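Next comes query-v2.cif, a file with mmCIF, C-alpha atoms.
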```cif
data_data
#
loop_
_atom_site.label_atom_id
_atom_site.label_comp_id
_atom_site.auth_asym_id
_atom_site.auth_seq_id
_atom_site.Cartn_x
_atom_site.Cartn_y
_atom_site.Cartn_z
CA MET A 1 23.01 93.70 138.46
CA LYS A 2 26.64 93.91 137.48
CA LYS A 3 28.53 90.64 137.82
CA THR A 4 31.98 90.57 139.37
CA PHE A 5 34.63 87.86 139.33
CA PRO A 6 37.14 87.12 142.07
CA ALA A 7 40.65 88.31 141.25
CA PHE A 8 42.08 84.82 141.67
CA PHE A 9 39.65 83.46 139.03
CA VAL A 10 40.82 86.06 136.49
CA LEU A 11 44.45 85.31 137.30
CA LEU A 12 43.87 81.55 136.97
CA SER A 13 42.23 82.03 133.58
CA ALA A 14 45.16 84.15 132.36
CA VAL A 15 47.68 81.56 133.52
CA SER A 16 45.72 78.79 131.78
CA LEU A 17 45.80 80.71 128.51
CA LEU A 18 49.53 81.35 128.80
CA ALA A 19 50.21 77.68 129.51
CA GLN A 20 48.10 76.41 126.59
CA ASN A 21 50.01 74.02 124.35
CA ILE A 22 49.80 74.03 120.56
CA GLU A 23 48.74 70.46 119.81
CA LEU A 24 49.39 69.02 116.35
CA VAL A 25 46.76 66.98 114.53
CA ASN A 26 47.82 63.33 114.15
CA PRO A 27 51.27 63.85 115.73
CA SER A 28 52.26 60.17 115.42
CA PHE A 29 51.32 59.98 111.71
CA GLU A 30 48.68 57.28 112.08
CA SER A 31 47.15 56.00 108.83
CA THR A 32 46.87 52.97 106.61
CA PRO A 33 50.39 52.10 105.38
CA PHE A 34 50.78 54.06 102.18
CA GLN A 35 53.20 54.04 99.27
CA GLY A 36 53.87 57.55 98.00
CA GLY A 37 53.30 56.59 94.38
CA GLU A 38 49.56 56.22 94.95
CA GLU A 39 47.20 58.96 93.81
CA TYR A 40 46.19 60.40 97.17
CA PHE A 41 47.84 61.32 100.46
CA PRO A 42 45.77 59.79 103.28
CA LEU A 43 47.63 61.21 106.27
CA ARG A 44 45.04 63.02 108.39
CA GLY A 45 46.06 66.54 109.37
CA TRP A 46 49.07 66.75 107.03
CA LEU A 47 49.55 68.15 103.51
CA ASP A 48 52.04 66.82 100.96
CA CYS A 49 54.42 69.63 99.95
CA GLY A 50 56.61 67.69 97.56
CA PHE A 51 57.93 68.55 94.11
CA GLU A 52 55.68 68.35 91.06
CA GLY A 53 56.11 65.00 89.31
CA GLU A 54 57.52 63.30 92.41
CA THR A 55 55.77 60.93 94.81
CA ALA A 56 54.47 61.89 98.25
CA PRO A 57 56.08 60.69 101.51
CA ASP A 58 55.29 57.16 102.65
CA VAL A 59 53.35 55.92 105.67
CA GLN A 60 55.34 52.99 107.08
CA PRO A 61 55.51 50.08 107.84
CA ARG A 62 53.41 47.39 106.15
CA ALA A 63 53.78 44.32 108.36
CA LEU A 64 53.02 41.51 105.89
CA ASP A 65 54.39 43.16 102.76
CA PRO A 66 57.03 45.70 103.84
CA ILE A 67 57.11 48.77 101.63
CA PHE A 68 60.64 49.43 100.39
CA SER A 69 61.95 46.82 102.91
CA VAL A 70 61.31 49.26 105.77
CA THR A 71 60.49 47.13 108.83
CA GLN A 72 61.18 49.44 111.80
CA GLU A 73 58.43 49.24 114.44
CA ALA A 74 56.64 52.48 115.24
CA PHE A 75 57.72 54.35 118.34
CA ALA A 76 54.12 55.37 119.05
CA GLY A 77 50.93 53.93 117.57
CA LYS A 78 51.16 51.67 114.54
CA THR A 79 52.61 53.81 111.74
CA TYR A 80 55.07 56.63 111.13
CA LEU A 81 56.18 58.91 108.30
CA GLY A 82 58.99 57.96 105.92
CA MET A 83 60.58 60.81 103.92
CA VAL A 84 63.47 60.79 101.43
CA THR A 85 65.87 63.03 99.61
CA ARG A 86 66.71 62.14 96.01
CA ASP A 87 69.76 62.36 93.78
CA ASN A 88 67.84 64.55 91.30
CA GLU A 89 67.69 67.54 93.71
CA THR A 90 64.18 66.88 95.01
CA TRP A 91 63.13 66.02 98.54
CA GLU A 92 59.98 65.51 100.59
CA ARG A 93 58.13 67.61 103.14
CA VAL A 94 54.73 67.80 104.85
CA SER A 95 52.84 70.74 106.37
CA GLN A 96 50.08 71.45 108.85
CA ARG A 97 48.12 74.51 109.98
CA LEU A 98 48.68 75.26 113.66
CA SER A 99 45.69 75.55 115.98
CA THR A 100 47.30 78.68 117.44
CA PRO A 101 49.94 80.71 115.54
CA LEU A 102 53.50 81.03 116.78
CA GLU A 103 54.11 84.60 117.93
CA GLY A 104 57.18 86.56 116.87
CA GLY A 105 59.68 87.22 119.65
CA LYS A 106 58.49 84.33 121.82
CA CYS A 107 60.24 81.00 122.40
CA TYR A 108 58.82 77.50 122.11
CA GLU A 109 59.95 73.94 122.80
CA PHE A 110 59.23 71.00 120.50
CA SER A 111 60.43 67.40 120.27
CA ILE A 112 60.04 64.58 117.78
CA TYR A 113 61.38 61.03 117.42
CA LEU A 114 63.65 60.34 114.44
CA CYS A 115 65.65 57.45 113.07
CA ARG A 116 66.99 56.06 109.79
CA SER A 117 66.05 52.84 108.06
CA PRO A 118 69.16 50.83 107.05
CA ILE A 119 67.25 49.70 103.94
CA TYR A 120 64.92 51.89 101.87
CA ILE A 121 64.62 50.47 98.35
CA SER A 122 62.91 52.59 95.69
CA LEU A 123 63.28 53.60 92.06
CA SER A 124 66.31 55.75 91.32
CA ALA A 125 65.08 59.29 90.68
CA SER A 126 68.02 60.28 88.47
CA ALA A 127 67.68 57.08 86.42
CA ARG A 128 63.93 57.66 86.02
CA ASN A 129 64.62 61.15 84.70
CA GLN A 130 66.76 59.52 82.01
CA GLY A 131 64.04 57.03 81.08
CA GLU A 132 65.58 54.09 82.96
CA GLN A 133 63.88 51.87 85.54
CA ARG A 134 66.32 50.72 88.23
CA THR A 135 66.24 50.77 92.00
CA ALA A 136 68.47 52.45 94.56
CA ASN A 137 68.90 52.11 98.32
CA TYR A 138 67.97 55.46 99.90
CA THR A 139 70.10 54.86 102.99
CA THR A 140 72.49 57.85 103.32
CA PRO A 141 71.83 59.87 106.53
CA ILE A 142 69.90 63.11 106.11
CA LYS A 143 68.44 65.64 108.54
CA LEU A 144 65.09 67.14 109.47
CA ARG A 145 64.44 70.83 108.93
CA ILE A 146 61.47 72.54 110.60
CA TRP A 147 59.96 75.59 108.92
CA GLY A 148 57.33 78.06 110.02
CA GLY A 149 55.11 79.54 107.36
CA VAL A 150 52.37 82.06 106.68
CA GLY A 151 50.54 79.64 104.37
CA PRO A 152 50.32 75.94 103.50
CA CYS A 153 53.78 74.49 102.74
CA ALA A 154 55.33 77.98 103.01
CA ARG A 155 58.93 78.03 104.19
CA THR A 156 58.86 81.55 105.58
CA GLU A 157 61.30 81.06 108.45
CA LEU A 158 63.64 78.18 109.32
CA LEU A 159 62.85 77.41 112.96
CA ALA A 160 65.30 74.56 113.59
CA GLU A 161 67.17 71.67 112.04
CA SER A 162 68.52 68.42 113.41
CA ASN A 163 71.96 66.94 113.16
CA LEU A 164 72.35 64.19 110.57
CA VAL A 165 70.08 61.34 111.65
CA LYS A 166 72.41 58.35 111.58
CA ASN A 167 70.77 56.30 114.35
CA THR A 168 68.75 53.25 113.31
CA ARG A 169 66.79 53.18 116.57
CA TRP A 170 64.32 55.83 117.67
CA LEU A 171 65.87 58.81 119.47
CA ARG A 172 64.11 61.94 120.67
CA PHE A 173 65.34 65.18 119.10
CA ASP A 174 64.58 68.37 121.04
CA PHE A 175 64.28 71.82 119.50
CA THR A 176 63.63 75.39 120.59
CA PHE A 177 61.86 77.77 118.21
CA HIS A 178 62.39 81.55 118.33
CA PRO A 179 60.22 82.92 115.49
CA GLN A 180 60.67 86.51 114.37
CA GLN A 181 57.11 86.93 113.10
CA GLN A 182 53.68 85.35 113.43
CA LEU A 183 53.63 81.92 111.75
CA SER A 184 50.45 79.88 111.19
CA TYR A 185 51.89 76.70 109.63
CA ILE A 186 54.62 74.20 110.44
CA THR A 187 56.48 72.21 107.77
CA LEU A 188 58.66 69.14 108.36
CA GLU A 189 61.26 68.72 105.62
CA ALA A 190 63.75 65.97 104.81
CA PHE A 191 67.00 67.58 103.67
CA TYR A 192 70.58 66.83 102.68
CA ASN A 193 73.77 67.30 104.66
CA THR A 194 74.82 70.92 104.15
CA PRO A 195 76.29 73.64 103.86
CA VAL A 196 77.35 72.21 100.48
CA LEU A 197 74.27 70.99 98.63
CA PHE A 198 75.19 67.69 97.00
CA PRO A 199 72.04 65.73 96.10
CA TYR A 200 71.92 62.08 97.18
CA ASN A 201 69.43 59.34 98.10
CA GLY A 202 68.67 59.34 101.83
CA ASN A 203 65.82 58.59 104.23
CA ILE A 204 64.45 59.70 107.58
CA LEU A 205 61.68 58.14 109.68
CA VAL A 206 59.51 60.49 111.77
CA ASP A 207 57.18 59.66 114.68
CA SER A 208 55.57 60.98 117.86
CA ALA A 209 55.75 64.77 117.55
CA SER A 210 55.14 66.63 120.80
CA ALA A 211 52.96 69.65 121.41
CA ILE A 212 54.64 73.02 120.83
CA VAL A 213 55.04 74.63 124.26
CA GLU A 214 55.86 78.27 124.97
CA VAL A 215 58.88 78.71 127.28
CA PRO A 216 60.84 81.69 128.63
CA CYS A 217 63.50 82.94 126.23
CA GLU A 218 67.08 82.60 127.39
CA GLU A 219 68.76 85.92 128.02
CA GLU A 220 70.87 87.14 125.12
CA ILE A 221 74.34 88.26 126.25
CA PRO A 222 75.16 91.50 124.39
CA VAL A 223 78.55 91.98 122.79
CA ILE A 224 79.65 95.62 123.04
CA ALA A 225 82.67 96.66 120.98
CA ASP A 226 85.25 99.34 121.79
CA VAL A 227 84.21 99.64 125.42
CA PRO A 228 86.82 99.02 128.13
CA PRO A 229 86.01 96.04 130.34
CA PRO A 230 84.41 96.81 133.70
CA PRO A 231 86.44 96.36 136.89
CA PRO A 232 86.29 92.86 138.41
CA PRO A 233 83.23 92.41 140.61
CA VAL A 234 83.66 92.08 144.33
CA GLN A 235 82.75 88.50 145.18
CA ARG A 236 81.23 87.36 148.42
CA GLU A 237 83.13 84.68 150.28
CA ASP A 238 80.57 82.00 149.37
CA GLU A 239 80.93 82.88 145.66
CA LYS A 240 84.70 82.60 145.93
CA GLU A 241 84.42 79.18 147.51
CA VAL A 242 82.04 77.95 144.78
CA GLU A 243 84.39 79.10 142.02
CA LYS A 244 87.49 77.78 143.79
CA ASP A 245 85.97 74.35 144.47
CA THR A 246 84.67 73.96 140.93
CA GLN A 247 87.86 75.06 139.22
CA SER A 248 89.98 72.75 141.34
CA SER A 249 88.13 69.68 139.99
CA SER A 250 87.60 70.88 136.42
CA SER A 251 89.84 71.81 133.53
CA GLU A 252 89.23 73.12 130.03
CA VAL A 253 90.53 71.14 127.07
CA LYS A 254 92.40 73.63 124.89
CA GLY A 255 93.79 71.10 122.41
CA HIS A 256 92.15 67.84 121.37
CA PHE A 257 90.34 65.23 123.44
CA SER A 258 91.81 62.57 121.17
CA GLN A 259 95.30 63.55 122.37
CA LEU A 260 94.48 62.99 126.05
CA LYS A 261 96.10 59.99 127.73
CA ILE A 262 93.50 58.10 129.68
CA LYS A 263 96.12 56.81 132.14
CA GLU A 264 96.73 60.40 133.22
CA LEU A 265 93.04 61.06 133.90
CA SER A 266 91.41 60.06 137.18
CA ILE A 267 87.89 58.78 137.63
CA GLY A 268 85.81 61.86 138.45
CA THR A 269 87.94 64.20 136.34
CA THR A 270 85.76 66.84 134.68
CA LEU A 271 86.79 68.38 131.37
CA ARG A 272 85.11 71.50 130.00
CA ILE A 273 84.47 71.39 126.27
CA ASP A 274 85.98 74.27 124.32
CA LYS A 275 84.51 75.49 121.02
CA LEU A 276 81.09 73.87 121.47
CA TYR A 277 78.38 76.31 120.38
CA PHE A 278 74.57 76.15 120.36
CA GLN A 279 71.99 78.31 118.67
CA ALA A 280 70.32 80.74 121.10
CA ASP A 281 67.68 79.12 123.36
CA SER A 282 68.31 75.82 121.61
CA ALA A 283 70.01 72.44 121.80
CA ASN A 284 70.97 72.67 118.12
CA PHE A 285 74.70 72.80 117.42
CA THR A 286 76.20 75.40 115.13
CA PRO A 287 78.40 74.10 112.27
CA GLU A 288 81.52 75.28 114.15
CA SER A 289 80.85 72.63 116.82
CA LYS A 290 81.37 69.60 114.61
CA PRO A 291 85.19 69.38 114.96
CA ILE A 292 85.11 69.21 118.77
CA LEU A 293 82.24 66.70 118.76
CA ASP A 294 84.10 64.48 116.33
CA ASP A 295 87.22 64.79 118.47
CA ILE A 296 85.32 63.60 121.56
CA TYR A 297 84.01 60.69 119.49
CA LEU A 298 87.60 59.82 118.48
CA PHE A 299 88.68 59.95 122.15
CA LEU A 300 85.96 57.44 123.07
CA LYS A 301 86.76 55.24 120.10
CA GLN A 302 90.44 55.16 121.07
CA ASN A 303 89.52 54.29 124.67
CA PRO A 304 86.75 51.68 124.26
CA LYS A 305 86.35 51.00 128.01
CA VAL A 306 85.85 54.60 129.10
CA VAL A 307 82.41 55.64 130.35
CA ILE A 308 81.58 59.35 130.52
CA GLU A 309 78.86 61.68 131.72
CA VAL A 310 77.97 64.69 129.59
CA GLY A 311 76.89 67.50 131.92
CA GLY A 312 74.98 70.58 130.78
CA HIS A 313 75.05 73.90 132.65
CA THR A 314 73.41 77.30 132.18
CA ASN A 315 73.90 80.80 133.54
CA GLY A 316 71.92 81.91 136.58
CA ILE A 317 69.42 84.30 135.00
CA PRO A 318 66.41 82.20 133.85
CA PRO A 319 64.19 80.29 136.32
CA HIS A 320 65.24 76.83 137.52
CA ASP A 321 62.69 74.90 135.40
CA TYR A 322 63.92 76.50 132.19
CA CYS A 323 67.61 76.07 133.09
CA ASP A 324 67.07 72.40 133.96
CA LYS A 325 65.32 71.71 130.66
CA LEU A 326 67.82 73.54 128.47
CA SER A 327 70.91 72.10 130.18
CA THR A 328 69.47 68.58 129.93
CA GLN A 329 68.61 69.05 126.25
CA ARG A 330 72.10 70.29 125.44
CA ALA A 331 73.79 67.45 127.34
CA LYS A 332 71.49 64.97 125.62
CA ALA A 333 72.28 66.49 122.20
CA VAL A 334 75.99 65.78 122.74
CA ALA A 335 75.26 62.25 123.97
CA ASP A 336 72.95 61.54 121.03
CA TYR A 337 75.58 62.78 118.58
CA LEU A 338 78.20 60.40 120.01
CA ILE A 339 75.75 57.48 120.05
CA ALA A 340 74.71 58.23 116.47
CA ARG A 341 78.39 58.07 115.48
CA GLY A 342 78.57 54.54 116.89
CA ILE A 343 79.51 54.84 120.58
CA GLU A 344 77.60 52.33 122.75
CA PRO A 345 74.77 54.07 124.65
CA SER A 346 75.90 52.41 127.90
CA ARG A 347 79.16 54.40 127.69
CA VAL A 348 77.54 57.85 127.41
CA LYS A 349 75.41 59.17 130.27
CA TYR A 350 74.00 62.69 130.33
CA LYS A 351 72.57 65.06 132.94
CA GLY A 352 71.44 68.66 133.09
CA TYR A 353 72.55 70.59 136.18
CA GLY A 354 70.77 73.82 135.31
CA LYS A 355 72.29 76.77 137.15
CA ARG A 356 73.24 74.87 140.31
CA ARG A 357 77.00 74.61 139.65
CA PRO A 358 78.35 78.02 138.62
CA ILE A 359 82.08 78.41 138.04
CA ALA A 360 81.94 82.22 137.93
CA THR A 361 79.72 85.07 139.04
CA ASN A 362 76.39 85.53 137.27
CA LYS A 363 76.56 89.30 137.77
CA THR A 364 78.60 89.96 134.62
CA PRO A 365 78.20 88.90 130.97
CA GLU A 366 81.66 87.29 131.11
CA GLY A 367 80.74 85.22 134.16
CA ARG A 368 77.41 84.12 132.72
CA LYS A 369 79.16 83.07 129.52
CA LYS A 370 81.55 80.87 131.53
CA ASN A 371 78.69 79.29 133.46
CA GLN A 372 76.84 78.39 130.24
CA ARG A 373 78.86 75.31 129.29
CA VAL A 374 78.96 71.56 128.64
CA GLU A 375 81.41 69.30 130.47
CA ILE A 376 82.55 65.68 130.31
CA THR A 377 83.25 63.69 133.47
CA ILE A 378 85.14 60.39 133.46
CA LEU A 379 82.90 57.86 135.24
CA SER A 380 84.89 54.71 134.53
CA LYS A 381 88.16 53.80 132.84
CA GLY A 382 87.31 50.10 132.59
CA GLY A 383 90.62 48.99 134.01
CA ASN A 384 92.75 51.22 131.73
#
```
Could I get this structure in the form of structure tokens?
Amino acid sequence: MKKTFPAFFVLLSAVSLLAQNIELVNPSFESTPFQGGEEYFPLRGWLDCGFEGETAPDVQPRALDPIFSVTQEAFAGKTYLGMVTRDNETWERVSQRLSTPLEGGKCYEFSIYLCRSPIYISLSASARNQGEQRTANYTTPIKLRIWGGVGPCARTELLAESNLVKNTRWLRFDFTFHPQQQLSYITLEAFYNTPVLFPYNGNILVDSASAIVEVPCEEEIPVIADVPPPPPPVQREDEKEVEKDTQSSSSEVKGHFSQLKIKELSIGTTLRIDKLYFQADSANFTPESKPILDDIYLFLKQNPKVVIEVGGHTNGIPPHDYCDKLSTQRAKAVADYLIARGIEPSRVKYKGYGKRRPIATNKTPEGRKKNQRVEITILSKGGN
């Protein structure tokens, strides 16, 4: 007798497969505290991908006898991974085979907790290469790069990279991957501040990696050259009111935040950030964004009593869940950057509004581009 299955059972099974997360083995880097100079690498699930002749990454911390004077408590579990860059142009990385490959053309979300140890004492690599034995403090901020590969330790495709990790407390860093081909391995790599490669001694602490979760890809807005612009769309009355109300309480900063006079700004004033760019489907800044981020930092430093909210917004095409996540991640990325620069966390709030507050129509590429933005709202002037 031929067996049949209800349609809803087949549909449920398909949805379960689509929603399956890619779980990493030992995502919080649990092991016996380990100094990289030892002969083996005891970190379950992970491979050492370092340079020949150099030590492996370290498993930190050792409570009674701190390795390298690293005493930061783990964010999750008991231990975490400590990786360094060296002044002899070598750096550390680890790799793992994924339980399910990343598929080209799809998008994925991933997060991991990162911080920097203010003290990380080890032998100087450049001095060792010259036959000397002296120590150095590997304390300069570095960043994390995430590679996808077709084999162990392979750096086939750069999936994402963090900003410089300057914070000395654990912060969550969120990433979106958009691989172009099938990738079976993931590699976490400590790396220098770029684009200019100047080797130096730095450290990064890594803990509590999330599962890799497939998400809808954000719509790419095409840029078509040499085509006359379309006529303005006819807006409904409710669309006009939304745009009018939003624009009346919001303004775009064309110059520099640091030149704004706080006495001329009211509590509740919203300022749209110009020249802030993210990689597609990602909360990672492009290099062109650094000047405006540093200018916002300078504004807050010059006005030490000001409290702000960083608000993230998307266009209206993707579903609400995706828009809420992406807008929150981008707002948080700006807040984390300012906090990492030294602004008190209590002065920088963040919130993702998704696609709920459009300032233009979502029916045109130009309107969607305007809606996809990050804003700053003045919450408090502290008596200024």
Write out as a JSON list (two decimals) with C-alpha atoms, in the frame of the given file each polymer residue whose atoms come within 8 Å of A:Asn167, counting all atoms listed in the file; drop sequence neighbours fewer than 2 positions from it.
```
[["chain", "number", "residue", "atom", "x", "y", "z"],
["A", 115, "CYS", "CA", 65.65, 57.45, 113.07],
["A", 116, "ARG", "CA", 66.99, 56.06, 109.79],
["A", 165, "VAL", "CA", 70.08, 61.34, 111.65],
["A", 169, "ARG", "CA", 66.79, 53.18, 116.57],
["A", 170, "TRP", "CA", 64.32, 55.83, 117.67],
["A", 171, "LEU", "CA", 65.87, 58.81, 119.47],
["A", 339, "ILE", "CA", 75.75, 57.48, 120.05],
["A", 340, "ALA", "CA", 74.71, 58.23, 116.47],
["A", 341, "ARG", "CA", 78.39, 58.07, 115.48]]
```
Go through the shown structure with the PyMOL selection byres ((chain A and resi 332) around 10) and write out the matching residues as a PDB file with C-alpha atoms, in the frame of the given file.
```pdb
ATOM      1  CA  ARG A 172      64.110  61.940 120.670  1.00  0.00           C
ATOM      2  CA  PHE A 173      65.340  65.180 119.100  1.00  0.00           C
ATOM      3  CA  ASP A 174      64.580  68.370 121.040  1.00  0.00           C
ATOM      4  CA  ALA A 283      70.010  72.440 121.800  1.00  0.00           C
ATOM      5  CA  VAL A 310      77.970  64.690 129.590  1.00  0.00           C
ATOM      6  CA  GLY A 311      76.890  67.500 131.920  1.00  0.00           C
ATOM      7  CA  GLY A 312      74.980  70.580 130.780  1.00  0.00           C
ATOM      8  CA  LEU A 326      67.820  73.540 128.470  1.00  0.00           C
ATOM      9  CA  SER A 327      70.910  72.100 130.180  1.00  0.00           C
ATOM     10  CA  THR A 328      69.470  68.580 129.930  1.00  0.00           C
ATOM     11  CA  GLN A 329      68.610  69.050 126.250  1.00  0.00           C
ATOM     12  CA  ARG A 330      72.100  70.290 125.440  1.00  0.00           C
ATOM     13  CA  ALA A 331      73.790  67.450 127.340  1.00  0.00           C
ATOM     14  CA  ALA A 333      72.280  66.490 122.200  1.00  0.00           C
ATOM     15  CA  VAL A 334      75.990  65.780 122.740  1.00  0.00           C
ATOM     16  CA  ALA A 335      75.260  62.250 123.970  1.00  0.00           C
ATOM     17  CA  ASP A 336      72.950  61.540 121.030  1.00  0.00           C
ATOM     18  CA  TYR A 337      75.580  62.780 118.580  1.00  0.00           C
ATOM     19  CA  LEU A 338      78.200  60.400 120.010  1.00  0.00           C
ATOM     20  CA  VAL A 348      77.540  57.850 127.410  1.00  0.00           C
ATOM     21  CA  LYS A 349      75.410  59.170 130.270  1.00  0.00           C
ATOM     22  CA  TYR A 350      74.000  62.690 130.330  1.00  0.00           C
ATOM     23  CA  LYS A 351      72.570  65.060 132.940  1.00  0.00           C
ATOM     24  CA  GLY A 352      71.440  68.660 133.090  1.00  0.00           C
TER      25      GLY A 352
END
```
- Task: May I ask for the distance between atom CA of A:Ile142 and atom CA of A:Asp207, given in Å to one decimal place?
- Result: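 So the two atoms, atom CA of A:Ile142 and atom CA of A:Asp207, lie 15.7 Å apart.
Using all atoms listed in the file, the residues found no farther than 8 Å from A:Arg44, other than those of its own chain fewer than 5 positions away, are Val25, Asn26, Phe29, Glu30 and Ser31 of chain A.
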- Message: With only C-alpha atoms as the counted atoms, please give the residues lying no more than 12 Å from A:Ile317, apart from itself and same-chain residues fewer than 6 positions off, as a list in words.
- Response: Pro216, Cys217, Glu218, Glu219, Glu220, Ile221, Cys323, Gly354, Lys355, Arg356, Pro358, Thr361, Asn362, Lys363, Thr364, Pro365, Gly367, Arg368, Lys369, Asn371 and Gln372 of chain A
Residue selection dump (C-alpha atoms) as a PDB file, keeping the file's coordinate frame:
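What follows is the written file out-v5.pdb:
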```pdb
ATOM      1  CA  PRO A 216      60.840  81.690 128.630  1.00  0.00           C
ATOM      2  CA  CYS A 217      63.500  82.940 126.230  1.00  0.00           C
ATOM      3  CA  GLU A 218      67.080  82.600 127.390  1.00  0.00           C
ATOM      4  CA  GLU A 219      68.760  85.920 128.020  1.00  0.00           C
ATOM      5  CA  GLU A 220      70.870  87.140 125.120  1.00  0.00           C
ATOM      6  CA  ILE A 221      74.340  88.260 126.250  1.00  0.00           C
ATOM      7  CA  CYS A 323      67.610  76.070 133.090  1.00  0.00           C
ATOM      8  CA  GLY A 354      70.770  73.820 135.310  1.00  0.00           C
ATOM      9  CA  LYS A 355      72.290  76.770 137.150  1.00  0.00           C
ATOM     10  CA  ARG A 356      73.240  74.870 140.310  1.00  0.00           C
ATOM     11  CA  PRO A 358      78.350  78.020 138.620  1.00  0.00           C
ATOM     12  CA  THR A 361      79.720  85.070 139.040  1.00  0.00           C
ATOM     13  CA  ASN A 362      76.390  85.530 137.270  1.00  0.00           C
ATOM     14  CA  LYS A 363      76.560  89.300 137.770  1.00  0.00           C
ATOM     15  CA  THR A 364      78.600  89.960 134.620  1.00  0.00           C
ATOM     16  CA  PRO A 365      78.200  88.900 130.970  1.00  0.00           C
ATOM     17  CA  GLY A 367      80.740  85.220 134.160  1.00  0.00           C
ATOM     18  CA  ARG A 368      77.410  84.120 132.720  1.00  0.00           C
ATOM     19  CA  LYS A 369      79.160  83.070 129.520  1.00  0.00           C
ATOM     20  CA  ASN A 371      78.690  79.290 133.460  1.00  0.00           C
ATOM     21  CA  GLN A 372      76.840  78.390 130.240  1.00  0.00           C
TER      22      GLN A 372
END
```
- Have a look at A:Ser210, A:Asn203, A:Ser282, A:Asn315 and name the one nearest to A:Ile359; count all atoms listed in the file.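 Using all atoms listed in the file, the shortest distance to A:Ile359 belongs to A:Asn315.
Among A:Glu132, A:Glu264, A:Glu73, A:Asp48, the residue with the shortest atom-to-atom distance to A:Cys153, counting only C-alpha atoms, is A:Asp48.
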- Message: Using all atoms listed in the file, can you tell me which of A:Tyr80, A:Phe257, A:Phe75, A:Phe198 comes closest to A:Leu298?
- Response: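 Closest candidate: A:Phe257.
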- Task: Just give me the gap between atom CA of A:Ala211 and atom CA of A:Lys106 in Å, one decimal is fine.
- Result: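 Separation between atom CA of A:Ala211 and atom CA of A:Lys106: 15.7 Å.
Closest approach to A:Ala280 among A:His178, A:Lys381, A:Lys143, A:Lys305: A:His178, based on only C-alpha atoms.
Picture a line from atom CA of A:Thr286 to atom CA of A:Leu300; it runs 21.9 Å.
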- Query: Can you tell me, as a ChimeraX atom specification, what residues are no more than 12 Å from A:Leu158 when counting only C-alpha atoms, ignoring any on the same chain fewer than 4 positions away?
  - Reply: /A:144-149,154,162,176-181,183,185-189
Contact residues around A:Ile378 with all atoms listed in the file at 9 Å, ignoring same-chain residues under 2 positions, as a PDB file with C-alpha atoms, keeping the file's coordinate frame:
```
ATOM      1  CA  LEU A 265      93.040  61.060 133.900  1.00  0.00           C
ATOM      2  CA  SER A 266      91.410  60.060 137.180  1.00  0.00           C
ATOM      3  CA  ILE A 267      87.890  58.780 137.630  1.00  0.00           C
ATOM      4  CA  GLY A 268      85.810  61.860 138.450  1.00  0.00           C
ATOM      5  CA  THR A 269      87.940  64.200 136.340  1.00  0.00           C
ATOM      6  CA  THR A 270      85.760  66.840 134.680  1.00  0.00           C
ATOM      7  CA  LEU A 271      86.790  68.380 131.370  1.00  0.00           C
ATOM      8  CA  VAL A 306      85.850  54.600 129.100  1.00  0.00           C
ATOM      9  CA  VAL A 307      82.410  55.640 130.350  1.00  0.00           C
ATOM     10  CA  ILE A 308      81.580  59.350 130.520  1.00  0.00           C
ATOM     11  CA  GLU A 309      78.860  61.680 131.720  1.00  0.00           C
ATOM     12  CA  ILE A 376      82.550  65.680 130.310  1.00  0.00           C
ATOM     13  CA  SER A 380      84.890  54.710 134.530  1.00  0.00           C
ATOM     14  CA  LYS A 381      88.160  53.800 132.840  1.00  0.00           C
TER      15      LYS A 381
END
```
List every protein, DNA or RNA residue that has an atom no more than 10 Å from (46.9, 54.7, 107.6) in the file's coordinate frame, counting all atoms listed in the file, and report them as a PDB file with C-alpha atoms, keeping the file's coordinate frame.
```pdb
ATOM      1  CA  PHE A  29      51.320  59.980 111.710  1.00  0.00           C
ATOM      2  CA  GLU A  30      48.680  57.280 112.080  1.00  0.00           C
ATOM      3  CA  SER A  31      47.150  56.000 108.830  1.00  0.00           C
ATOM      4  CA  THR A  32      46.870  52.970 106.610  1.00  0.00           C
ATOM      5  CA  PRO A  33      50.390  52.100 105.380  1.00  0.00           C
ATOM      6  CA  PHE A  34      50.780  54.060 102.180  1.00  0.00           C
ATOM      7  CA  PHE A  41      47.840  61.320 100.460  1.00  0.00           C
ATOM      8  CA  PRO A  42      45.770  59.790 103.280  1.00  0.00           C
ATOM      9  CA  LEU A  43      47.630  61.210 106.270  1.00  0.00           C
ATOM     10  CA  ARG A  44      45.040  63.020 108.390  1.00  0.00           C
ATOM     11  CA  VAL A  59      53.350  55.920 105.670  1.00  0.00           C
ATOM     12  CA  GLN A  60      55.340  52.990 107.080  1.00  0.00           C
ATOM     13  CA  PRO A  61      55.510  50.080 107.840  1.00  0.00           C
ATOM     14  CA  ARG A  62      53.410  47.390 106.150  1.00  0.00           C
ATOM     15  CA  LYS A  78      51.160  51.670 114.540  1.00  0.00           C
ATOM     16  CA  THR A  79      52.610  53.810 111.740  1.00  0.00           C
ATOM     17  CA  TYR A  80      55.070  56.630 111.130  1.00  0.00           C
TER      18      TYR A  80
END
```
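Proximity of A:Trp91, A:Tyr277, A:Tyr138, A:Phe110 to A:Ala190, computed with all atoms listed in the file, is greatest for A:Trp91.
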